[in-house]
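Q: Here it is, the structure, as structure tokens.
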Amino acid sequence: MSGYNTLWVPGMDHAGIATQVVVEKKLMREKKLTRHDIGREKFVSEVWKWKNDYGGTILNQERRLGASLDWSRECFTMDERRSKAVTEAFVRLYQEGLIYRDQRLVNWDCTLRTAISDIEVDHKEIKEETLIKVPGYESPVQFGVLTSFAYPLGGGLGEIVVATTRIETMLGDTAIAIHSKDARYTHLHGKFAIHPFNNRKLPIICDDILVDPKFGTGAVKITPAHDPNDFDVGKRHNLEFINIFTDDGKINSNGGVEFEGMPRFRARVAVLEALQAKGLYRGTQKNDMNLGICSRSNDVVEPMVKPQWFVDCNSMAKAALDAVMDKDNKKIEIIPEQYEHEWKRWLENIRDWCISRQLWWGHRIPAWYVTLEEDQLKHIGSYKDHWVVGRNEEEAISEANYKYPGKKFEIAQDPDVLDTWFSSGLFPLSVLGWPDDTPDFNTFYPTSVLETGHDILFFWVARMVMLGMKLGGDVPFTKVYLHPMIRDAHGRKMSKSLGNVIDPLEVINGISLEGLHKRLEEGNLDPNELVMAKQGQEKDFPNGISECGADALRFALISYTAQSDKINLDVLRVVGYRQWCNKLWNAIRFAMSKLGDDYSPPSVIVVDQMPSICKWILSVLNKAVMRTVSSFEAYKFSDASTAVYSWWQFQLCDVFIEAIKPYFFVESEYKCERAASRDALWVCLDTGLRLLHPFMPFVTEELWQRLPQAEGTTQRKESIMISEYPSVVEAWTNETIESDMDIVLGAVRKLRSLRPTSDKNERRPACALCRTEDVSNVIRSYEFEIVTLASLSSIKVLREDDTPPAGYAFDVVNEKLSMYLHRGTLNAEAERDKLRKKKEEIERLQSGLAQITSAAGYKDKAPQNVQEDDIRRLNAYMEELKIIGEEETKLEQLIKEQIERIIFVILRRRHSSVI
């Protein structure tokens, strides 16, 4: 609409872990089979089938929400073109030495049986002994305790006490660390302890980096294969790395025959009991801890040493950091700005990225293991250096021939797949045709704006920037807008198990409580979770969700963006905007009826010849256009929605349309005013609908199509979405009339508030007490508008020394204007209470402003125009208080007279009865 060449591409990633979990649960629920039961090929086929059946849900939601995407370019991270880009990226990065394979400690998910990245781990702070439900265990597992036990020392030297929060990992201990200067253990330097279950010798090592002699016993058990800190110790001291867990979290043969085959948390109990039986248990105490939990499966993450593929992120992270933080050569702006600090913190502390996943759904890693005829070990991965990388099997064979000339071999592709975020990180490149040199890539790369949630700033945004700069030669986008995360009305994260997930289509179409329940029943929840989820829905949506439509949902979400961190989405607020859509529709229907069937808008609007009310509405329309556009440009979408809503609701509907109604009552009167009002009304509808269109595409399209066509227009655009977006028309701006109308509308608001609640329709006379000639002239000039908008029978202008007639209620507009409305017999005490409240409000405002102006440094820091405005406001408050004080005196006198009359009547009645 603003004339830019714009591309918005619909795309989806394959959500490797999440999708595989859904299909595995579906397979178990429907067929009582695991993926291992049916094999890799059939399982992947099942996933593709599920994707084809359900994968279009998000795209359908986007269509129904009115997203203006180029649907002809729809893409998927595992389609042929994107897969080609993924393979090319892996090969290039490997050839540059940025992708490598190594045996390192990774975050292992025993439920999913795969490695996960650091940022897929949620950290739960535990302050005391806590029981947590862990997948695969019937009973909750205990966390938040520190267990102490003793290791016997070799040579009859006694024992050494250590402590751990994961007692089962002692089965993989390979050393005990102490501080070199800890006098308690000087005699143990170079000695060893004996493992109580397998008699393994554990050397006593000195590691001043890890050990704090003031904490606990000053002795630390070392499990290099299952703890990040211990892993580093193991590297420093060349210790043995013993993995004691199977991929599904059971104790393996390294853990000892006594415990082999036990799930890790049952082994926790068994090890503790065995230590007690041997007399080595030394007690348990509560302990603060940070528990890693997989965000996908809710399983407790287990650190394990595994051979994996990694990306060396150091150089790419530095480039991505500079792209945002280098003020002299800033290439990317992050909005809101506060997230730039998060960007800096994360990229400065980046670790190499583990990109291999032990899944079946995803891009197979383009690496092949070479098994030579003479190799003694034939298992894949037995030798670290037997890997080759290629774009296909032919390239891999060629690479193997080059690496092992003249030797016989077999090759097998790595069964692992790539992290979903690897292919998603390439999206700005792959969606435009990279690695091919395409017209799209040359036209649109780098792109302009990325809009996403702040929760994937590092999952996705950082990866796109790193890979885009490395492989695409430039940043993938120049601005990043991070929207708030949507939560439920109570601020809780949306979760299927809580039953608080809101599908946008259910808000658009509406849904009964029974329908919400049915959706849950068709999901993958276990029976206990299903009961809890239904209870959550009954509490939040006892009557289901009302039909709101896409326009209302869009407008609500946009207005919510003022909450920069999270959106607590209350569906009732969406319902409120649906009602506003209805009001908008009705207002325009009324307006269209006033235009008439034969109305033809002029090609040029001559503002000077219009009534003041028409000049005013066009001037404030200009302001609304300016505020909306400037808010868009500043990515302040909530401010933009407020600007356009306020103009439509409070200026066009509440004021202008009401003010011009009398022009259409009698055909023989107001001919000029009626004609001008029609023109102004048409301009407002045409401009206002185009201004509102990005917020509410459907209702604005429908109404805009019904508008008459302007004279001289050779060809009307077929859709509002490709018509011109409004811009400021200098000739419409009229600050004088806006200032006058501020006074008028202030007077109207006070007169409306003075009306008795029991009678809103009776036309009553009013008075305006004007303390300056300027204000008197404004009230006289706009007498017609005030009488119309306030539903008056008449209005009389009083000067400062005039006495208002009796029986009139009073309120202050400002220090220059007070309004009086005829009320007949007044309740003087009620009116006095109103004045007191008004007085208290003004005193509060005056006190607050006085505090600001008297603060230290105010005169030095505040701009001169601000200080002048503050002085004017303080003086105005003082004048208003003076006026209220005078009115209070009058009311006190009136109350006194009423009391005297009452006493007189009572005495008179008593006197009569005596006679």
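Labeling convention for the structure tokens: chains A, B, ... as they appear, residues from 1 per chain, ligands from 1 in order of appearance.
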May I have the residues within 7 Å of stretch 484-499 of chain A as a PyMOL selection string, using only C-alpha atoms and disregarding those fewer than 2 positions away in the same chain?

A: chain A and resi 453-454+482+501+525+529-530+532-534+536-537+561+563-570

Q: The selected residues should be written to file as a compact mmCIF listing (two decimals), in the first residue's frame (atoms: C-alpha atoms).

A:
# COMPACT_ATOMS: atom_id res chain seq x y z
CA GLY A 453 9.02 -14.17 19.26
CA HIS A 454 11.73 -13.12 21.69
CA LEU A 482 10.50 -9.33 18.63
CA VAL A 501 -4.06 -23.35 24.55
CA LEU A 525 -2.74 -36.25 26.55
CA GLU A 529 -3.62 -34.69 32.02
CA LEU A 530 -6.89 -34.84 30.06
CA MET A 532 -6.91 -31.53 34.45
CA ALA A 533 -7.02 -29.87 31.02
CA LYS A 534 -10.82 -30.17 30.82
CA GLY A 536 -8.95 -25.73 33.11
CA GLN A 537 -11.19 -25.16 30.09
CA THR A 561 1.95 -5.34 21.82
CA GLN A 563 3.24 -5.27 26.70
CA SER A 564 6.77 -5.83 25.43
CA ASP A 565 7.47 -9.11 27.21
CA LYS A 566 4.25 -11.13 27.23
CA ILE A 567 0.60 -10.85 26.28
CA ASN A 568 -1.94 -12.10 28.82
CA LEU A 569 -4.65 -12.74 26.26
CA ASP A 570 -8.15 -12.27 27.62

Q: At a cut-off of 12 Å, using only C-alpha atoms, what residues contact A:Asp802? Leave out same-chain residues fewer than 6 positions from it and give the result as a ChimeraX atom specification.

A: /A:767-771,796

Q: Would you output that residue set with N, CA and C atoms, as a CSV table (one decimal), in the first residue's frame?

A:
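Just written: result-v6.csv:
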chain,number,residue,atom,x,y,z
A,767,CYS,N,-25.7,27.3,30.3
A,767,CYS,CA,-25.0,28.5,30.3
A,767,CYS,C,-23.5,28.2,30.3
A,768,ALA,N,-22.7,29.1,29.6
A,768,ALA,CA,-21.3,29.0,29.5
A,768,ALA,C,-20.7,30.3,30.1
A,769,LEU,N,-20.0,30.1,31.3
A,769,LEU,CA,-19.4,31.3,31.9
A,769,LEU,C,-18.0,31.4,31.4
A,770,CYS,N,-17.8,32.4,30.5
A,770,CYS,CA,-16.5,32.6,29.8
A,770,CYS,C,-15.7,33.7,30.5
A,771,ARG,N,-14.5,33.5,30.8
A,771,ARG,CA,-13.7,34.5,31.5
A,771,ARG,C,-12.8,35.3,30.6
A,796,LYS,N,-26.5,29.9,26.6
A,796,LYS,CA,-26.3,31.3,26.8
A,796,LYS,C,-24.9,31.6,27.3

Q: Compile the contact shell of stretch 123-129 of chain A as a list in words: residues with an atom at most 7 Å away, counting only C-alpha atoms, same-chain residues fewer than 4 positions apart removed.

A: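 After dropping sequence-adjacent residues, the list is Gln142, Phe143, Gly144, Val145, Lys286, Asn287, Asp288, Met289, Asn290, Leu291, Gly292 and Ile293 of chain A.
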
Q: Find the residues around A:Arg104 up to 9 Å (only C-alpha atoms counted), leave out those fewer than 4 positions away in its own chain, and share them as a PyMOL selection string.

A: chain A and resi 225+231+304-308

Q: Which residues are near A:Phe698? Cut-off 10 Å, only C-alpha atoms, ignore same chain within fewer than 5 positions. Put them as a tab-separated table (two decimals) with C-alpha atoms, in the first residue's frame.

A:
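The resulting file, around_28.tsv, is reproduced below:
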chain	number	residue	atom	x	y	z
A	65	LEU	CA	-6.04	-14.37	9.89
A	66	GLY	CA	-5.60	-12.48	6.63
A	549	GLY	CA	-13.81	-12.86	13.64
A	550	ALA	CA	-10.27	-12.35	12.36
A	551	ASP	CA	-10.41	-8.56	12.39
A	693	HIS	CA	-6.92	-1.80	6.58
A	703	LEU	CA	-16.92	-1.57	3.32
A	704	TRP	CA	-14.43	0.11	0.99
A	720	ILE	CA	-8.15	-1.86	-0.85

Q: So how far away is atom CA of A:Pro366 from atom CA of A:Val417, in Å?

A: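 It comes out at 8.9 Å.
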
Q: Contacts of stretch 461-465 of chain A at 7 Å or less, counting only C-alpha atoms, minus same-chain residues fewer than 3 places along, as a list in words?

A: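 Within the cut-off, the hits are Ala320, Gly425, Leu426, Ile456, Leu457, Phe458, Gly468, Met469, Val475 and Pro476 of chain A.
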
Q: Which neighbours of A:Gly473 fall inside 12 Å, counting only C-alpha atoms, when residues of the same chain fewer than 5 positions from it are skipped, and could you give them as an MDAnalysis selection string?

A: chainID A and resid 316 319 429 434:435 441:442 445:446 465:468

Q: Can you work out which one of A:Asn349, A:Asp207, A:Asp385, A:Lys344 has the shortest atom-to-atom distance to A:Asp232, counting only C-alpha atoms?

A: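 Of the candidates, the smallest distance to A:Asp232 is held by A:Asp207.
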
Q: As a PyMOL selection string, please: all residues of stretch 98-310 of chain A that backbone DSSP puts in strand (DSSP E).

A: chain A and resi 99-109+114-116+121-126+130-132+141-143+145-152+159-164+175-178+192-194+201-206+220-222+281-286+289-294+302-310

Q: How far is it from atom CA of A:Val629 to atom CA of A:Thr478, in Å with one decimal?

A: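 For atom CA of A:Val629 relative to atom CA of A:Thr478, the distance reads 19.7 Å.
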
Q: Taking only stretch 342-584 of chain A into account, list the residues labelled alpha helix (DSSP H) by DSSP (computed from the backbone), as an MDAnalysis selection string.

A: chainID A and resid 342:348 393:403 420:425 427:430 439:444 462:472 504:509 513:521 527:540 549:560 571:584

Q: Which residue is closest to A:Ala552? Choose from A:Gly523, A:Pro303, A:Gly279, A:Pro504 and count only C-alpha atoms.

A: A:Pro504

Q: Find the residue from A:Leu789, A:Ala659, A:Cys614, A:Val699 that sits nearest to A:Asn582; use only C-alpha atoms when measuring.

A: A:Val699

Q: Which residue is closest to A:Ala747? Choose from A:Ala790, A:Val220, A:Ala731, A:Ile508 and count only C-alpha atoms.

A: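 Looking only at the distances to A:Ala747, the closest residue turns out to be A:Ala790.
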
Q: From the list A:Lys636, A:Lys384, A:Lys539, A:Arg764, which residue is nearest A:Ile335 when using only C-alpha atoms?

A: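 Of A:Lys636, A:Lys384, A:Lys539, A:Arg764, the one nearest A:Ile335, counting only C-alpha atoms, is A:Lys636.
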